$ cat upload-v3.txt   # compact mmCIF, C-alpha atoms
# COMPACT_ATOMS: atom_id res chain seq x y z
CA MET A 1024 -11.43 -52.31 25.37
CA THR A 1025 -14.83 -53.19 24.04
CA LEU A 1026 -15.80 -56.23 22.01
CA GLN A 1027 -15.96 -54.14 18.84
CA ASP A 1028 -12.38 -52.91 19.36
CA TYR A 1029 -11.13 -56.47 19.87
CA LEU A 1030 -12.83 -57.66 16.69
CA TYR A 1031 -11.57 -54.66 14.75
CA TYR A 1032 -7.94 -54.75 15.88
CA PHE A 1033 -7.28 -58.49 16.25
CA ILE A 1034 -9.76 -60.66 14.33
CA LEU A 1035 -10.02 -58.67 11.11
CA PRO A 1036 -6.21 -58.27 10.61
CA VAL A 1037 -5.65 -62.01 11.03
CA LEU A 1038 -8.41 -62.76 8.55
CA THR A 1039 -6.89 -60.24 6.13
CA LEU A 1040 -3.49 -61.89 6.51
CA SER A 1041 -5.01 -65.27 5.68
CA VAL A 1042 -6.67 -63.81 2.57
CA ILE A 1043 -3.26 -62.50 1.48
CA LEU A 1044 -1.75 -65.97 1.99
CA LEU A 1045 -4.58 -67.48 -0.07
CA PHE A 1046 -3.90 -64.95 -2.81
CA ILE A 1047 -0.26 -66.07 -2.93
CA ARG A 1048 -1.46 -69.59 -3.75
CA PHE A 1049 -3.93 -68.14 -6.28
CA VAL A 1050 -1.09 -66.41 -8.13
CA LYS A 1051 1.46 -69.23 -7.78
CA GLY A 1052 -0.77 -72.29 -8.19
CA PRO A 1053 0.84 -74.66 -10.72
CA SER A 1054 -2.44 -76.03 -12.08
CA ILE A 1055 -5.94 -74.61 -12.56
CA SER A 1056 -7.29 -76.89 -9.81
CA ASP A 1057 -5.11 -75.14 -7.23
CA ARG A 1058 -6.64 -71.85 -8.29
CA VAL A 1059 -10.17 -73.22 -8.02
CA VAL A 1060 -9.49 -74.51 -4.50
CA SER A 1061 -7.98 -71.16 -3.55
CA LEU A 1062 -11.00 -69.28 -4.97
CA ASP A 1063 -13.35 -71.47 -2.96
CA LEU A 1064 -11.34 -70.66 0.17
CA HIS A 1065 -11.43 -66.94 -0.64
CA ILE A 1066 -15.22 -66.95 -0.70
CA THR A 1067 -15.49 -69.04 2.47
CA THR A 1068 -13.12 -66.66 4.29
CA GLY A 1069 -15.23 -63.79 2.96
CA ILE A 1070 -18.26 -65.29 4.70
CA GLY A 1071 -16.32 -65.12 7.97
CA ILE A 1072 -15.31 -61.49 7.35
CA ILE A 1073 -18.93 -60.53 6.56
CA SER A 1074 -20.06 -62.21 9.77
CA ILE A 1075 -17.48 -60.24 11.83
CA TYR A 1076 -18.56 -57.02 10.10
CA SER A 1077 -22.19 -57.70 10.96
CA ILE A 1078 -21.17 -57.89 14.64
CA ILE A 1079 -19.11 -54.67 14.48
CA ASN A 1080 -21.82 -52.64 12.73
CA ASP A 1081 -24.71 -54.32 14.58
CA GLN A 1082 -26.45 -55.16 11.31
CA PRO A 1083 -27.79 -58.75 11.07
CA THR A 1084 -28.94 -58.17 7.47
CA PHE A 1085 -25.36 -58.65 6.27
CA LEU A 1086 -25.77 -62.37 6.95
CA ASP A 1087 -28.11 -62.69 3.94
CA ILE A 1088 -25.20 -61.86 1.67
CA ALA A 1089 -23.09 -64.49 3.44
CA MET A 1090 -25.76 -67.09 2.63
CA ILE A 1091 -25.79 -66.15 -1.06
CA LEU A 1092 -21.99 -66.22 -1.18
CA ALA A 1093 -21.99 -69.76 0.23
CA LEU A 1094 -24.33 -70.80 -2.59
CA ILE A 1095 -22.19 -69.12 -5.24
CA ALA A 1096 -19.00 -70.76 -3.91
CA PHE A 1097 -20.56 -74.22 -4.18
CA LEU A 1098 -21.93 -73.61 -7.67
CA GLY A 1099 -18.61 -72.17 -8.84
CA THR A 1100 -16.61 -75.14 -7.61
CA ILE A 1101 -19.00 -77.64 -9.20
CA ALA A 1102 -19.02 -75.77 -12.52
CA PHE A 1103 -15.23 -75.49 -12.62
CA SER A 1104 -14.73 -79.18 -11.86
CA TYR A 1105 -17.32 -80.12 -14.50
CA TYR A 1106 -15.49 -78.16 -17.17
CA ILE A 1107 -12.04 -79.39 -16.08
CA GLU A 1108 -13.28 -82.97 -16.46
CA LYS A 1109 -14.96 -82.21 -19.82
CA LYS A 1110 -11.79 -80.64 -21.18
CA GLU A 1111 -9.76 -83.71 -20.27
CA LYS A 1112 -12.34 -85.96 -21.98
CA ASN A 1113 -12.31 -83.99 -25.22
CA GLU A 1114 -8.56 -84.06 -25.59
CA MET B 1495 -20.55 -63.17 29.86
CA ASN B 1496 -21.82 -63.10 26.26
CA ASP B 1497 -18.77 -61.05 25.28
CA ILE B 1498 -16.41 -63.73 26.58
CA ILE B 1499 -18.22 -66.45 24.61
CA ILE B 1500 -18.10 -64.31 21.46
CA ILE B 1501 -14.38 -63.59 21.91
CA VAL B 1502 -13.51 -67.27 22.45
CA LEU B 1503 -15.58 -68.49 19.49
CA SER B 1504 -14.36 -65.87 17.02
CA THR B 1505 -10.71 -66.26 18.09
CA LEU B 1506 -10.81 -70.05 17.63
CA GLY B 1507 -12.49 -69.70 14.24
CA THR B 1508 -10.00 -67.09 13.07
CA LEU B 1509 -7.01 -69.16 14.14
CA LEU B 1510 -8.41 -72.19 12.27
CA ILE B 1511 -8.87 -70.13 9.11
CA PHE B 1512 -5.33 -68.76 9.49
CA LEU B 1513 -3.94 -72.28 9.89
CA ALA B 1514 -5.74 -73.35 6.72
CA ALA B 1515 -4.27 -70.38 4.86
CA VAL B 1516 -0.77 -71.30 6.03
CA GLY B 1517 -1.45 -74.91 5.03
CA ILE B 1518 -2.58 -74.06 1.51
CA VAL B 1519 0.68 -72.19 0.96
CA LYS B 1520 3.00 -74.76 2.54
CA MET B 1521 1.46 -78.08 1.45
CA PRO B 1522 3.32 -79.74 -1.43
CA ASP B 1523 0.43 -81.29 -3.33
CA LEU B 1524 -3.06 -80.43 -4.62
CA TYR B 1525 -4.78 -83.26 -2.76
CA LEU B 1526 -3.17 -82.32 0.56
CA ARG B 1527 -4.28 -78.74 -0.03
CA ILE B 1528 -7.87 -79.88 -0.63
CA SER B 1529 -7.70 -81.89 2.60
CA VAL B 1530 -6.63 -78.77 4.56
CA THR B 1531 -9.35 -76.63 2.98
CA THR B 1532 -12.28 -78.88 3.67
CA LYS B 1533 -11.68 -79.51 7.34
CA ALA B 1534 -10.16 -76.41 8.89
CA VAL B 1535 -12.03 -73.71 7.01
CA THR B 1536 -15.40 -75.37 7.43
CA LEU B 1537 -14.96 -75.56 11.20
CA GLY B 1538 -13.50 -72.05 11.41
CA VAL B 1539 -16.32 -70.37 9.50
CA GLY B 1540 -18.83 -72.36 11.52
CA LEU B 1541 -17.34 -71.04 14.77
CA ILE B 1542 -17.31 -67.41 13.53
CA LEU B 1543 -20.94 -67.67 12.41
CA ALA B 1544 -21.83 -69.18 15.79
CA SER B 1545 -20.24 -66.16 17.50
CA SER B 1546 -22.47 -63.81 15.50
CA ALA B 1547 -25.49 -65.93 16.45
CA VAL B 1548 -24.53 -65.53 20.12
CA TYR B 1549 -24.13 -61.76 19.67
CA PHE B 1550 -27.54 -61.06 18.07
CA ASN B 1551 -29.47 -63.67 20.04
CA GLU B 1552 -32.70 -63.45 18.02
CA ALA B 1553 -34.67 -66.31 16.49
CA GLY B 1554 -34.41 -64.90 12.96
CA VAL B 1555 -30.65 -64.47 13.03
CA VAL B 1556 -29.99 -67.79 14.76
CA SER B 1557 -32.05 -69.72 12.20
CA ARG B 1558 -30.28 -67.92 9.36
CA VAL B 1559 -26.87 -68.78 10.86
CA ILE B 1560 -27.86 -72.41 11.31
CA ALA B 1561 -28.97 -72.52 7.66
CA ILE B 1562 -25.60 -71.13 6.49
CA ILE B 1563 -23.63 -73.55 8.70
CA LEU B 1564 -25.64 -76.56 7.50
CA PHE B 1565 -25.24 -75.49 3.89
CA ILE B 1566 -21.47 -75.13 4.23
CA PHE B 1567 -21.15 -78.44 6.09
CA LEU B 1568 -23.11 -80.20 3.33
CA THR B 1569 -21.47 -78.61 0.32
CA ALA B 1570 -17.78 -78.32 1.27
CA PRO B 1571 -17.07 -82.11 1.09
CA ILE B 1572 -19.02 -82.43 -2.17
CA GLY B 1573 -17.11 -79.60 -3.81
CA ALA B 1574 -13.77 -80.96 -2.59
CA HIS B 1575 -14.62 -84.42 -3.92
CA MET B 1576 -15.64 -83.08 -7.33
CA ILE B 1577 -12.53 -80.96 -7.81
CA GLY B 1578 -10.27 -83.77 -6.60
CA ARG B 1579 -11.89 -86.27 -8.97
CA ALA B 1580 -11.65 -83.92 -11.95
CA SER B 1581 -8.00 -83.14 -11.31
CA TYR B 1582 -7.19 -86.85 -10.87
CA PHE B 1583 -8.58 -87.47 -14.36
CA ARG B 1584 -6.61 -84.52 -15.67
CA GLY B 1585 -3.47 -86.28 -14.50
CA ILE B 1586 -2.27 -83.96 -11.76
CA GLY B 1587 0.26 -86.06 -9.93
CA LEU B 1588 0.69 -86.81 -6.28
CA TRP B 1589 3.58 -85.57 -4.19
CA LYS B 1590 6.75 -87.48 -5.07
CA LYS B 1591 7.09 -88.72 -1.48
CA SER B 1592 3.56 -90.16 -1.41
CA VAL B 1593 3.61 -93.84 -0.46
CA ILE B 1594 0.53 -95.30 -2.18
CA ASP B 1595 -1.96 -94.37 -4.89
CA ASP B 1596 -5.00 -96.57 -4.37
CA LEU B 1597 -6.83 -95.41 -7.50
CA LYS B 1598 -3.99 -96.20 -9.91
CA GLY B 1599 -5.34 -98.24 -12.82
CA MET B 1600 -8.80 -98.48 -11.29
CA TYR B 1601 -10.48 -95.92 -13.56
CA GLU B 1602 -11.52 -96.51 -17.15
CA LYS B 1603 -9.70 -93.86 -19.14
CA SER B 1604 -12.48 -93.32 -21.69
CA THR B 1605 -15.69 -93.56 -19.68
CA HIS B 1606 -14.49 -92.28 -16.28
CA THR B 1607 -16.17 -95.11 -14.38
CA LEU B 1608 -14.62 -97.18 -11.62
CA LYS B 1609 -13.83 -100.75 -12.59
CA SER B 1610 -13.62 -103.33 -9.88
CA ASP B 1611 -10.59 -105.39 -9.07
CA ASP B 1612 -10.81 -108.88 -10.57
CA LYS B 1613 -9.33 -110.69 -7.59
CA GLU B 1614 -12.02 -109.40 -5.23
CA ASP B 1615 -14.74 -110.55 -7.64
CA GLU B 1616 -13.34 -114.08 -7.59
CA ILE B 1617 -13.34 -114.08 -3.81
CA PHE B 1618 -16.99 -112.99 -3.81
CA ASP B 1619 -17.97 -115.66 -6.33
CA GLN B 1620 -16.65 -118.56 -4.29

$ encode --input "upload-v3.txt" --output "structure tokens"
Amino acid sequence: MTLQDYLYYFILPVLTLSVILLFIRFVKGPSISDRVVSLDLHITTGIGIISIYSIINDQPTFLDIAMILALIAFLGTIAFSYYIEKKEKNE
Amino acid sequence: MNDIIIIVLSTLGTLLIFLAAVGIVKMPDLYLRISVTTKAVTLGVGLILASSAVYFNEAGVVSRVIAIILFIFLTAPIGAHMIGRASYFRGIGLWKKSVIDDLKGMYEKSTHTLKSDDKEDEIFDQ
């Protein structure tokens, strides 16, 4: 059993399972803040999946996309919290 | 030898991410969920990225991985703080079994600034 097989048959299914669990919270979440937190976690887990894929396919260029996703996750969370706070102020 | 290090690092990171995913489903309260997110996922993704740095073992990839890890470590607490603060203003309550709410009555409703406790000011003045 090579390293690639281990990553493909153990690591990726567990990460997929955790994304499914996160999606349950995204659908259920009582307030919009729960959904924002869950979205942030989705993107951060996606960075991990991209990193595992770059090992399996032997392509280090995939890590550039992981960097950009980290940036987008941060900007998205900040923008969402800004507008949640604004909305509360206006009401 | 490198393979063993990669397997250990990626397994630990994956288990931490899985624990955080279980936590975000099971935790009863938004603030507890934010607490789970910030700690476990940040460490888990850091470990997985470190395993890819060990696998490629080039200066370009290692520096890129360190940049991603530093960026996540810097921004995850800031994002969690911002979303927690915004949802506190929005009035999302704590879990009903929570013991204490330290911020209760400390925020100005209109301006969203912290006001200090009067008793502490008197102690400082004396």

$ atom_distance --input "upload-v3.txt" --atom1 "atom CA of Ala1580 of chain B" --atom2 "atom CA of Phe1097 of chain A"
15.3 Å

$ residues_around --input "upload-v3.txt" --residues "Arg1527 of chain B" --least-positions-apart "3" --cutoff "10 Å" --atoms "only C-alpha atoms" --output "ChimeraX atom specification"
/A:1057,1060-1061 /B:1514-1515,1517-1524,1530-1532

$ closest_residue --input "upload-v3.txt" --among "B:Ile1594, B:Leu1608, B:Ala1553, B:Ile1500" --to "chain A" --atoms "only C-alpha atoms"
B:Ile1500

$ residues_around --input "upload-v3.txt" --residues "Gln1082 of chain A" --least-positions-apart "5" --cutoff "12 Å" --atoms "all atoms listed in the file" --output "MDAnalysis selection string"
(chainID A and resid 1073:1077 1087:1088) or (chainID B and resid 1546:1547 1549:1550 1555)

$ closest_residue --input "upload-v3.txt" --among "A:Tyr1032, A:Leu1045, A:Ile1072, A:Gly1099" --to "chain B" --atoms "all atoms listed in the file"
A:Leu1045

$ interface_residues --input "upload-v3.txt" --of "chain B" --to "chain A" --cutoff "8 Å" --atoms "only C-alpha atoms" --output "PyMOL selection string"
chain B and resi 1497+1501+1504-1505+1508-1509+1511-1512+1515-1516+1518-1519+1524+1528+1531+1535+1539+1542-1543+1546+1549-1550+1555+1558-1559+1562+1565-1566+1569-1570+1573-1574+1576-1577+1580-1581+1583-1584+1586+1604

$ residues_around --input "upload-v3.txt" --residues "Lys1609 of chain B" --least-positions-apart "3" --cutoff "10 Å" --atoms "only C-alpha atoms" --output "count of residues only"
6

$ atom_distance --input "upload-v3.txt" --atom1 "atom CA of Val1593 of chain B" --atom2 "atom CA of Ile1572 of chain B"
25.4 Å

$ atom_distance --input "upload-v3.txt" --atom1 "atom CA of His1575 of chain B" --atom2 "atom CA of Leu1597 of chain B"
13.9 Å

$ closest_residue --input "upload-v3.txt" --among "B:Thr1536, B:Val1556, B:Tyr1525, B:Met1495" --to "Asp1595 of chain B" --atoms "all atoms listed in the file"
B:Tyr1525

$ closest_residue --input "upload-v3.txt" --among "B:Phe1567, B:Gly1538, B:Leu1510, B:Asn1551" --to "Asn1496 of chain B" --atoms "all atoms listed in the file"
B:Asn1551
